[in-house]
Structure formats: structure tokens, C-alpha cells
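This is protein21.cif (mmCIF, N, CA and C atoms).
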data_run
loop_
_atom_site.label_atom_id
_atom_site.label_comp_id
_atom_site.auth_asym_id
_atom_site.auth_seq_id
_atom_site.Cartn_x
_atom_site.Cartn_y
_atom_site.Cartn_z
N MET A 1 56.47 -4.55 -48.19
CA MET A 1 55.35 -3.73 -48.61
C MET A 1 54.71 -4.35 -49.85
N ARG A 2 53.39 -4.43 -49.84
CA ARG A 2 52.66 -5.04 -50.94
C ARG A 2 52.54 -4.07 -52.10
N ARG A 3 52.83 -4.56 -53.29
CA ARG A 3 52.70 -3.72 -54.48
C ARG A 3 51.29 -3.84 -55.03
N LEU A 4 50.73 -2.72 -55.40
CA LEU A 4 49.40 -2.70 -55.99
C LEU A 4 49.49 -2.98 -57.48
N SER A 5 48.52 -3.71 -58.01
CA SER A 5 48.46 -3.90 -59.45
C SER A 5 48.13 -2.56 -60.10
N ARG A 6 48.38 -2.48 -61.38
CA ARG A 6 48.10 -1.23 -62.10
C ARG A 6 46.62 -0.86 -61.99
N ASP A 7 45.70 -1.85 -62.12
CA ASP A 7 44.27 -1.56 -62.01
C ASP A 7 43.90 -1.07 -60.61
N ALA A 8 44.46 -1.72 -59.59
CA ALA A 8 44.18 -1.30 -58.21
C ALA A 8 44.74 0.09 -57.95
N SER A 9 45.90 0.35 -58.50
CA SER A 9 46.52 1.66 -58.33
C SER A 9 45.69 2.74 -59.01
N ASN A 10 45.22 2.46 -60.23
CA ASN A 10 44.36 3.42 -60.94
C ASN A 10 43.06 3.65 -60.18
N ALA A 11 42.47 2.57 -59.66
CA ALA A 11 41.22 2.70 -58.90
C ALA A 11 41.44 3.55 -57.66
N ALA A 12 42.55 3.34 -56.98
CA ALA A 12 42.86 4.12 -55.78
C ALA A 12 43.07 5.59 -56.15
N GLY A 13 43.72 5.84 -57.27
CA GLY A 13 43.93 7.21 -57.72
C GLY A 13 42.62 7.92 -58.05
N TRP A 14 41.72 7.23 -58.76
CA TRP A 14 40.41 7.81 -59.07
C TRP A 14 39.61 8.05 -57.80
N ARG A 15 39.69 7.09 -56.87
CA ARG A 15 38.95 7.24 -55.61
C ARG A 15 39.47 8.46 -54.83
N TRP A 16 40.80 8.65 -54.83
CA TRP A 16 41.41 9.80 -54.16
C TRP A 16 40.92 11.11 -54.79
N LEU A 17 40.83 11.15 -56.14
CA LEU A 17 40.32 12.34 -56.82
C LEU A 17 38.85 12.58 -56.47
N LYS A 18 38.04 11.54 -56.46
CA LYS A 18 36.64 11.67 -56.09
C LYS A 18 36.51 12.17 -54.65
N PHE A 19 37.32 11.58 -53.76
CA PHE A 19 37.31 11.97 -52.35
C PHE A 19 37.60 13.46 -52.23
N ASN A 20 38.58 13.94 -52.95
CA ASN A 20 38.94 15.36 -52.88
C ASN A 20 37.91 16.27 -53.53
N LEU A 21 37.25 15.80 -54.58
CA LEU A 21 36.17 16.58 -55.18
C LEU A 21 35.03 16.76 -54.19
N VAL A 22 34.61 15.66 -53.57
CA VAL A 22 33.57 15.73 -52.54
C VAL A 22 34.03 16.62 -51.40
N GLY A 23 35.28 16.45 -50.98
CA GLY A 23 35.83 17.26 -49.89
C GLY A 23 35.87 18.74 -50.23
N ALA A 24 36.18 19.06 -51.48
CA ALA A 24 36.21 20.48 -51.89
C ALA A 24 34.83 21.10 -51.78
N ILE A 25 33.82 20.36 -52.20
CA ILE A 25 32.45 20.86 -52.06
C ILE A 25 32.08 20.95 -50.57
N GLY A 26 32.53 19.95 -49.80
CA GLY A 26 32.30 19.96 -48.35
C GLY A 26 32.97 21.15 -47.67
N ILE A 27 34.11 21.58 -48.18
CA ILE A 27 34.76 22.78 -47.65
C ILE A 27 33.85 23.98 -47.85
N GLY A 28 33.24 24.07 -49.01
CA GLY A 28 32.29 25.15 -49.26
C GLY A 28 31.13 25.11 -48.28
N VAL A 29 30.60 23.91 -48.05
CA VAL A 29 29.52 23.75 -47.08
C VAL A 29 29.99 24.20 -45.70
N GLN A 30 31.17 23.73 -45.31
CA GLN A 30 31.70 24.06 -43.98
C GLN A 30 31.91 25.56 -43.83
N LEU A 31 32.50 26.20 -44.82
CA LEU A 31 32.76 27.64 -44.74
C LEU A 31 31.47 28.45 -44.72
N MET A 32 30.48 28.03 -45.50
CA MET A 32 29.21 28.76 -45.50
C MET A 32 28.50 28.62 -44.15
N VAL A 33 28.48 27.42 -43.61
CA VAL A 33 27.84 27.21 -42.31
C VAL A 33 28.61 27.97 -41.23
N LEU A 34 29.95 27.92 -41.28
CA LEU A 34 30.76 28.65 -40.31
C LEU A 34 30.47 30.15 -40.37
N ALA A 35 30.44 30.70 -41.57
CA ALA A 35 30.17 32.13 -41.72
C ALA A 35 28.77 32.47 -41.22
N LEU A 36 27.79 31.64 -41.54
CA LEU A 36 26.43 31.88 -41.09
C LEU A 36 26.35 31.85 -39.56
N LEU A 37 26.95 30.83 -38.97
CA LEU A 37 26.88 30.69 -37.51
C LEU A 37 27.69 31.75 -36.78
N ARG A 38 28.85 32.07 -37.33
CA ARG A 38 29.75 33.03 -36.66
C ARG A 38 29.33 34.47 -36.92
N THR A 39 29.19 34.81 -38.17
CA THR A 39 28.90 36.20 -38.53
C THR A 39 27.41 36.50 -38.43
N GLY A 40 26.59 35.58 -38.93
CA GLY A 40 25.15 35.82 -38.92
C GLY A 40 24.51 35.65 -37.56
N LEU A 41 24.85 34.56 -36.86
CA LEU A 41 24.22 34.27 -35.58
C LEU A 41 25.10 34.59 -34.38
N HIS A 42 26.34 34.98 -34.62
CA HIS A 42 27.29 35.38 -33.58
C HIS A 42 27.54 34.29 -32.53
N LEU A 43 27.58 33.03 -33.00
CA LEU A 43 27.91 31.94 -32.09
C LEU A 43 29.39 31.97 -31.73
N ASP A 44 29.72 31.39 -30.61
CA ASP A 44 31.11 31.21 -30.20
C ASP A 44 31.88 30.51 -31.33
N LEU A 45 33.11 30.92 -31.57
CA LEU A 45 33.91 30.39 -32.67
C LEU A 45 34.07 28.87 -32.59
N MET A 46 34.35 28.34 -31.42
CA MET A 46 34.57 26.90 -31.31
C MET A 46 33.28 26.11 -31.53
N LEU A 47 32.16 26.59 -31.02
CA LEU A 47 30.88 25.93 -31.25
C LEU A 47 30.50 26.02 -32.72
N ALA A 48 30.67 27.20 -33.30
CA ALA A 48 30.38 27.37 -34.73
C ALA A 48 31.26 26.46 -35.58
N THR A 49 32.51 26.32 -35.21
CA THR A 49 33.43 25.43 -35.94
C THR A 49 32.96 23.99 -35.87
N ALA A 50 32.63 23.52 -34.68
CA ALA A 50 32.18 22.13 -34.51
C ALA A 50 30.90 21.87 -35.31
N LEU A 51 29.95 22.77 -35.27
CA LEU A 51 28.70 22.59 -36.02
C LEU A 51 28.93 22.65 -37.52
N ALA A 52 29.81 23.53 -37.96
CA ALA A 52 30.12 23.63 -39.39
C ALA A 52 30.81 22.37 -39.89
N VAL A 53 31.71 21.82 -39.08
CA VAL A 53 32.38 20.58 -39.45
C VAL A 53 31.36 19.46 -39.55
N GLU A 54 30.45 19.36 -38.60
CA GLU A 54 29.44 18.30 -38.65
C GLU A 54 28.55 18.43 -39.88
N ALA A 55 28.22 19.64 -40.27
CA ALA A 55 27.44 19.83 -41.50
C ALA A 55 28.21 19.29 -42.70
N ALA A 56 29.50 19.57 -42.76
CA ALA A 56 30.34 19.06 -43.85
C ALA A 56 30.49 17.54 -43.78
N VAL A 57 30.58 16.99 -42.59
CA VAL A 57 30.69 15.53 -42.42
C VAL A 57 29.45 14.84 -42.99
N VAL A 58 28.28 15.35 -42.67
CA VAL A 58 27.03 14.77 -43.18
C VAL A 58 27.00 14.88 -44.70
N HIS A 59 27.30 16.05 -45.22
CA HIS A 59 27.36 16.25 -46.67
C HIS A 59 28.32 15.25 -47.32
N ASN A 60 29.54 15.18 -46.78
CA ASN A 60 30.56 14.32 -47.38
C ASN A 60 30.16 12.85 -47.32
N PHE A 61 29.59 12.42 -46.21
CA PHE A 61 29.18 11.02 -46.10
C PHE A 61 28.19 10.67 -47.21
N LEU A 62 27.19 11.50 -47.39
CA LEU A 62 26.17 11.20 -48.40
C LEU A 62 26.78 11.09 -49.79
N TRP A 63 27.69 11.98 -50.12
CA TRP A 63 28.33 11.92 -51.44
C TRP A 63 29.34 10.77 -51.53
N HIS A 64 30.09 10.51 -50.47
CA HIS A 64 31.04 9.39 -50.52
C HIS A 64 30.31 8.07 -50.72
N GLU A 65 29.20 7.90 -50.05
CA GLU A 65 28.45 6.65 -50.16
C GLU A 65 27.90 6.46 -51.57
N ARG A 66 27.47 7.52 -52.20
CA ARG A 66 26.82 7.42 -53.51
C ARG A 66 27.75 7.70 -54.69
N PHE A 67 28.97 8.19 -54.41
CA PHE A 67 29.87 8.57 -55.49
C PHE A 67 31.26 7.98 -55.30
N THR A 68 31.93 8.34 -54.23
CA THR A 68 33.33 7.95 -54.05
C THR A 68 33.49 6.44 -53.88
N TRP A 69 32.67 5.85 -53.02
CA TRP A 69 32.75 4.42 -52.75
C TRP A 69 31.48 3.68 -53.18
N ALA A 70 30.78 4.19 -54.17
CA ALA A 70 29.51 3.58 -54.62
C ALA A 70 29.70 2.14 -55.08
N ASP A 71 30.88 1.80 -55.59
CA ASP A 71 31.14 0.45 -56.07
C ASP A 71 31.33 -0.56 -54.94
N ARG A 72 31.48 -0.09 -53.73
CA ARG A 72 31.76 -0.98 -52.60
C ARG A 72 30.58 -1.20 -51.67
N VAL A 73 29.58 -0.37 -51.75
CA VAL A 73 28.54 -0.40 -50.72
C VAL A 73 27.15 -0.61 -51.30
N GLY A 74 26.32 -1.27 -50.50
CA GLY A 74 24.89 -1.31 -50.76
C GLY A 74 24.28 -0.16 -49.98
N ILE A 75 23.19 0.37 -50.47
CA ILE A 75 22.64 1.56 -49.83
C ILE A 75 21.28 1.24 -49.20
N SER A 76 21.21 0.13 -48.51
CA SER A 76 19.99 -0.14 -47.75
C SER A 76 20.01 0.80 -46.54
N PRO A 77 18.85 1.19 -46.04
CA PRO A 77 18.82 2.10 -44.90
C PRO A 77 19.60 1.59 -43.69
N ARG A 78 19.53 0.32 -43.41
CA ARG A 78 20.24 -0.25 -42.25
C ARG A 78 21.75 -0.19 -42.43
N GLU A 79 22.24 -0.61 -43.61
CA GLU A 79 23.67 -0.56 -43.89
C GLU A 79 24.17 0.89 -43.90
N SER A 80 23.38 1.75 -44.50
CA SER A 80 23.76 3.15 -44.59
C SER A 80 23.86 3.79 -43.21
N LEU A 81 22.92 3.49 -42.33
CA LEU A 81 22.96 4.05 -40.98
C LEU A 81 24.18 3.55 -40.22
N ALA A 82 24.47 2.26 -40.32
CA ALA A 82 25.66 1.70 -39.65
C ALA A 82 26.93 2.35 -40.18
N ARG A 83 27.01 2.53 -41.49
CA ARG A 83 28.18 3.16 -42.11
C ARG A 83 28.28 4.63 -41.69
N PHE A 84 27.13 5.32 -41.63
CA PHE A 84 27.14 6.72 -41.20
C PHE A 84 27.65 6.84 -39.76
N LEU A 85 27.23 5.93 -38.90
CA LEU A 85 27.71 5.96 -37.52
C LEU A 85 29.22 5.73 -37.46
N ARG A 86 29.73 4.76 -38.25
CA ARG A 86 31.18 4.53 -38.31
C ARG A 86 31.90 5.76 -38.84
N PHE A 87 31.35 6.36 -39.88
CA PHE A 87 31.96 7.55 -40.50
C PHE A 87 31.99 8.69 -39.50
N ASN A 88 30.88 8.92 -38.83
CA ASN A 88 30.79 10.02 -37.88
C ASN A 88 31.68 9.79 -36.66
N MET A 89 31.79 8.56 -36.20
CA MET A 89 32.60 8.26 -35.02
C MET A 89 34.09 8.16 -35.34
N SER A 90 34.44 8.08 -36.59
CA SER A 90 35.86 8.03 -36.96
C SER A 90 36.27 9.34 -37.61
N THR A 91 36.00 9.50 -38.88
CA THR A 91 36.43 10.72 -39.56
C THR A 91 35.70 11.96 -39.04
N GLY A 92 34.43 11.79 -38.70
CA GLY A 92 33.68 12.94 -38.17
C GLY A 92 34.24 13.42 -36.85
N LEU A 93 34.47 12.48 -35.95
CA LEU A 93 35.02 12.84 -34.63
C LEU A 93 36.43 13.42 -34.78
N PHE A 94 37.25 12.77 -35.61
CA PHE A 94 38.60 13.28 -35.85
C PHE A 94 38.55 14.69 -36.44
N SER A 95 37.63 14.91 -37.37
CA SER A 95 37.52 16.23 -38.01
C SER A 95 37.08 17.29 -37.02
N ILE A 96 36.10 16.96 -36.19
CA ILE A 96 35.63 17.95 -35.22
C ILE A 96 36.72 18.28 -34.21
N VAL A 97 37.31 17.25 -33.62
CA VAL A 97 38.37 17.48 -32.63
C VAL A 97 39.55 18.18 -33.28
N GLY A 98 39.99 17.69 -34.42
CA GLY A 98 41.12 18.31 -35.12
C GLY A 98 40.84 19.75 -35.48
N ASN A 99 39.65 20.02 -36.00
CA ASN A 99 39.30 21.38 -36.38
C ASN A 99 39.26 22.31 -35.18
N VAL A 100 38.63 21.87 -34.11
CA VAL A 100 38.52 22.74 -32.94
C VAL A 100 39.90 23.02 -32.34
N VAL A 101 40.74 21.99 -32.23
CA VAL A 101 42.07 22.16 -31.63
C VAL A 101 42.94 23.08 -32.50
N VAL A 102 42.98 22.79 -33.80
CA VAL A 102 43.83 23.60 -34.68
C VAL A 102 43.26 25.02 -34.83
N MET A 103 41.94 25.14 -34.91
CA MET A 103 41.33 26.46 -34.97
C MET A 103 41.65 27.28 -33.72
N LYS A 104 41.60 26.63 -32.58
CA LYS A 104 41.92 27.31 -31.33
C LYS A 104 43.35 27.86 -31.41
N ALA A 105 44.26 27.02 -31.88
CA ALA A 105 45.66 27.43 -31.97
C ALA A 105 45.86 28.55 -32.99
N LEU A 106 45.28 28.39 -34.17
CA LEU A 106 45.52 29.37 -35.24
C LEU A 106 44.71 30.65 -35.08
N ALA A 107 43.43 30.51 -34.80
CA ALA A 107 42.57 31.70 -34.76
C ALA A 107 42.66 32.42 -33.42
N ASP A 108 42.55 31.68 -32.33
CA ASP A 108 42.56 32.33 -31.01
C ASP A 108 43.97 32.71 -30.56
N MET A 109 44.89 31.77 -30.63
CA MET A 109 46.22 32.01 -30.09
C MET A 109 47.12 32.78 -31.05
N ALA A 110 47.08 32.41 -32.35
CA ALA A 110 47.94 33.07 -33.33
C ALA A 110 47.24 34.25 -34.01
N HIS A 111 45.97 34.47 -33.70
CA HIS A 111 45.19 35.59 -34.22
C HIS A 111 45.08 35.60 -35.74
N MET A 112 45.02 34.40 -36.33
CA MET A 112 44.85 34.26 -37.77
C MET A 112 43.37 34.43 -38.10
N ASN A 113 43.06 34.94 -39.27
CA ASN A 113 41.68 35.04 -39.74
C ASN A 113 41.03 33.66 -39.66
N TYR A 114 39.81 33.58 -39.15
CA TYR A 114 39.19 32.28 -38.92
C TYR A 114 38.91 31.50 -40.19
N VAL A 115 38.68 32.15 -41.32
CA VAL A 115 38.45 31.44 -42.57
C VAL A 115 39.75 30.81 -43.06
N VAL A 116 40.85 31.55 -43.02
CA VAL A 116 42.16 31.03 -43.41
C VAL A 116 42.56 29.88 -42.48
N ALA A 117 42.36 30.08 -41.18
CA ALA A 117 42.67 29.03 -40.20
C ALA A 117 41.85 27.78 -40.47
N ASN A 118 40.59 27.96 -40.86
CA ASN A 118 39.73 26.82 -41.14
C ASN A 118 40.20 26.06 -42.36
N LEU A 119 40.64 26.75 -43.40
CA LEU A 119 41.15 26.09 -44.60
C LEU A 119 42.42 25.28 -44.29
N ILE A 120 43.31 25.83 -43.50
CA ILE A 120 44.53 25.11 -43.10
C ILE A 120 44.16 23.87 -42.30
N THR A 121 43.21 24.02 -41.41
CA THR A 121 42.77 22.91 -40.57
C THR A 121 42.18 21.78 -41.40
N ILE A 122 41.35 22.12 -42.35
CA ILE A 122 40.72 21.11 -43.21
C ILE A 122 41.79 20.30 -43.95
N ALA A 123 42.78 20.98 -44.48
CA ALA A 123 43.84 20.31 -45.23
C ALA A 123 44.61 19.32 -44.34
N THR A 124 44.82 19.67 -43.08
CA THR A 124 45.59 18.79 -42.20
C THR A 124 44.84 17.50 -41.87
N CYS A 125 43.53 17.53 -41.96
CA CYS A 125 42.73 16.35 -41.59
C CYS A 125 42.41 15.43 -42.77
N SER A 126 42.55 15.89 -44.00
CA SER A 126 42.02 15.14 -45.14
C SER A 126 42.71 13.82 -45.42
N VAL A 127 44.01 13.73 -45.29
CA VAL A 127 44.71 12.48 -45.61
C VAL A 127 44.30 11.37 -44.64
N VAL A 128 44.27 11.68 -43.37
CA VAL A 128 43.85 10.68 -42.37
C VAL A 128 42.41 10.28 -42.62
N ASN A 129 41.56 11.23 -42.93
CA ASN A 129 40.16 10.91 -43.18
C ASN A 129 39.98 9.98 -44.38
N PHE A 130 40.78 10.18 -45.42
CA PHE A 130 40.69 9.28 -46.59
C PHE A 130 41.07 7.86 -46.20
N MET A 131 42.17 7.71 -45.49
CA MET A 131 42.63 6.37 -45.13
C MET A 131 41.62 5.66 -44.22
N VAL A 132 41.10 6.37 -43.24
CA VAL A 132 40.11 5.78 -42.34
C VAL A 132 38.84 5.42 -43.10
N SER A 133 38.38 6.29 -43.97
CA SER A 133 37.19 6.01 -44.75
C SER A 133 37.39 4.81 -45.66
N ASP A 134 38.52 4.76 -46.33
CA ASP A 134 38.79 3.68 -47.28
C ASP A 134 38.93 2.33 -46.58
N ARG A 135 39.53 2.30 -45.42
CA ARG A 135 39.82 1.02 -44.76
C ARG A 135 38.80 0.60 -43.71
N LEU A 136 38.08 1.56 -43.14
CA LEU A 136 37.17 1.24 -42.03
C LEU A 136 35.70 1.43 -42.41
N VAL A 137 35.39 2.57 -42.98
CA VAL A 137 33.98 2.91 -43.20
C VAL A 137 33.42 2.27 -44.47
N PHE A 138 34.14 2.40 -45.58
CA PHE A 138 33.65 1.91 -46.86
C PHE A 138 34.45 0.71 -47.35
N ASN A 139 34.90 -0.11 -46.41
CA ASN A 139 35.71 -1.26 -46.79
C ASN A 139 34.90 -2.25 -47.62
N GLU A 140 35.62 -3.00 -48.44
CA GLU A 140 34.93 -3.95 -49.33
C GLU A 140 34.39 -5.13 -48.55
#

Whole structure given in C-alpha cells:
Amino acid sequence: MRRLSRDASNAAGWRWLKFNLVGAIGIGVQLMVLALLRTGLHLDLMLATALAVEAAVVHNFLWHERFTWADRVGISPRESLARFLRFNMSTGLFSIVGNVVVMKALADMAHMNYVVANLITIATCSVVNFMVSDRLVFNE
């Protein structure tokens, strides 16, 4: 196993904190969109979940590109679009599938409150999303 230098380790730690800060705000976006779609518009829970996750994915991508991984990326429209597609097809797809599957299990099958189920689901996806984003989407 390769040992990280102290500077690389500190950079990774700060990046993890930034990732989680953006993710925490994204959770707020996701929960607000979910509540609006589910309670306000009475959409099906699984459809509302998928749309709410996608709203958070778009939010998170924009902040990750300009904040979390700003030191690694150029923000030309072409590069940004390619990175957004990679982000959406990796962490976005994983988040949507993971959220819908876990939400189905917790909210529909276990009869857990959908907001609590959504928070548990988000937490289960975050570590994988960080690793994929760091190594695939925003790689140096």
C-alpha cells in the first residue's frame, strides 16, 4: 500500500471536508425537491426520489467543480460538459439507483418515514461517490 505524504494527506482531508460540505447543502436541495414533488405535487415516491437526487447531483457537480476540485480542473464549457457527463453517469447514476433501491426497501417495505429513509440512503452512497469523483471525474 502506498503511503501518502503529509501534504497529500492534508489535501485529501480538506477535499473530503469540502466534499461533505457541498454534500450537506446538496442534501438540503434533495430534501426540499423531494418534499415539493412528493407532498406538493403528489408524485410517486420513486419518481420523486429519482428527480430529487438528480437535482442534488446537478447542484453538487457545480459546486464540486468550482470548490471541491477547483485546483484540478479547467472550467471551459467543453471540459465542464464532459466532466458533467462523467459525473452524472457515475456518481449520479449510482446515487439515483442506490437511492431508489434503498428508499424502496426502507420506505415502502419497512414503512420508514420517507425523509428519514432518504437521509440514511444519502449516507450510504457518499463514500463511493467521493472515491469515484476523486479518481474518475475530477482526476488530475

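Running the PyMOL selection byres ((chain A and resi 138) around 7) on this file leaves Trp69, Arg72, Val73, Arg83, Val132, Ser133, Asp134, Arg135, Leu136, Val137, Asn139 and Glu140 of chain A selected.
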
Same residues, N, CA and C atoms, saved as a compact mmCIF listing (two decimals), in the frame of the given file:
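As a result, again.txt now contains:
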# COMPACT_ATOMS: atom_id res chain seq x y z
N TRP A 69 32.67 5.85 -53.02
CA TRP A 69 32.75 4.42 -52.75
C TRP A 69 31.48 3.68 -53.18
N ARG A 72 31.48 -0.09 -53.73
CA ARG A 72 31.76 -0.98 -52.60
C ARG A 72 30.58 -1.20 -51.67
N VAL A 73 29.58 -0.37 -51.75
CA VAL A 73 28.54 -0.40 -50.72
C VAL A 73 27.15 -0.61 -51.30
N ARG A 83 27.01 2.53 -41.49
CA ARG A 83 28.18 3.16 -42.11
C ARG A 83 28.28 4.63 -41.69
N VAL A 132 41.10 6.37 -43.24
CA VAL A 132 40.11 5.78 -42.34
C VAL A 132 38.84 5.42 -43.10
N SER A 133 38.38 6.29 -43.97
CA SER A 133 37.19 6.01 -44.75
C SER A 133 37.39 4.81 -45.66
N ASP A 134 38.52 4.76 -46.33
CA ASP A 134 38.79 3.68 -47.28
C ASP A 134 38.93 2.33 -46.58
N ARG A 135 39.53 2.30 -45.42
CA ARG A 135 39.82 1.02 -44.76
C ARG A 135 38.80 0.60 -43.71
N LEU A 136 38.08 1.56 -43.14
CA LEU A 136 37.17 1.24 -42.03
C LEU A 136 35.70 1.43 -42.41
N VAL A 137 35.39 2.57 -42.98
CA VAL A 137 33.98 2.91 -43.20
C VAL A 137 33.42 2.27 -44.47
N ASN A 139 34.90 -0.11 -46.41
CA ASN A 139 35.71 -1.26 -46.79
C ASN A 139 34.90 -2.25 -47.62
N GLU A 140 35.62 -3.00 -48.44
CA GLU A 140 34.93 -3.95 -49.33
C GLU A 140 34.39 -5.13 -48.55

- How many Å lie between atom C of A:Ala24 and atom C of A:Thr91, rounded to one decimal? 15.7 Å

- Query: Between atom CA of A:Met46 and atom CA of A:Trp63, what is the spacing in Å?
  - Reply: 25.9 Å

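Counting all atoms listed in the file and comparing A:Leu43, A:Ala48, A:Glu79, A:Phe84, the residue that lies closest to A:Leu62 is A:Phe84.
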
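For the structure in this document, the set picked by the PyMOL selection byres ((chain A and resi 11-22) around 7) is Arg6, Asp7, Ala8, Ser9, Asn10, Gly23, Ala24, Ile25, Gly26, Ile27, Asn60, Trp63, His64, Phe67, Thr68 and Trp69 of chain A.
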
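Relative to atom CA of A:Asn99, atom N of A:Arg86 is found at 19.3 Å.
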
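You can rank A:Ile96, A:Ala123, A:Ala70, A:Ile75 by their closest distance to A:Val53 using only C-alpha atoms, and at the top of that list sits A:Ile96.
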
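Minimum atom-to-atom distances from A:Gly92, A:Val57, A:Leu85, A:Leu45 to A:Leu106 were compared using only C-alpha atoms, and the lowest value belongs to A:Leu45.
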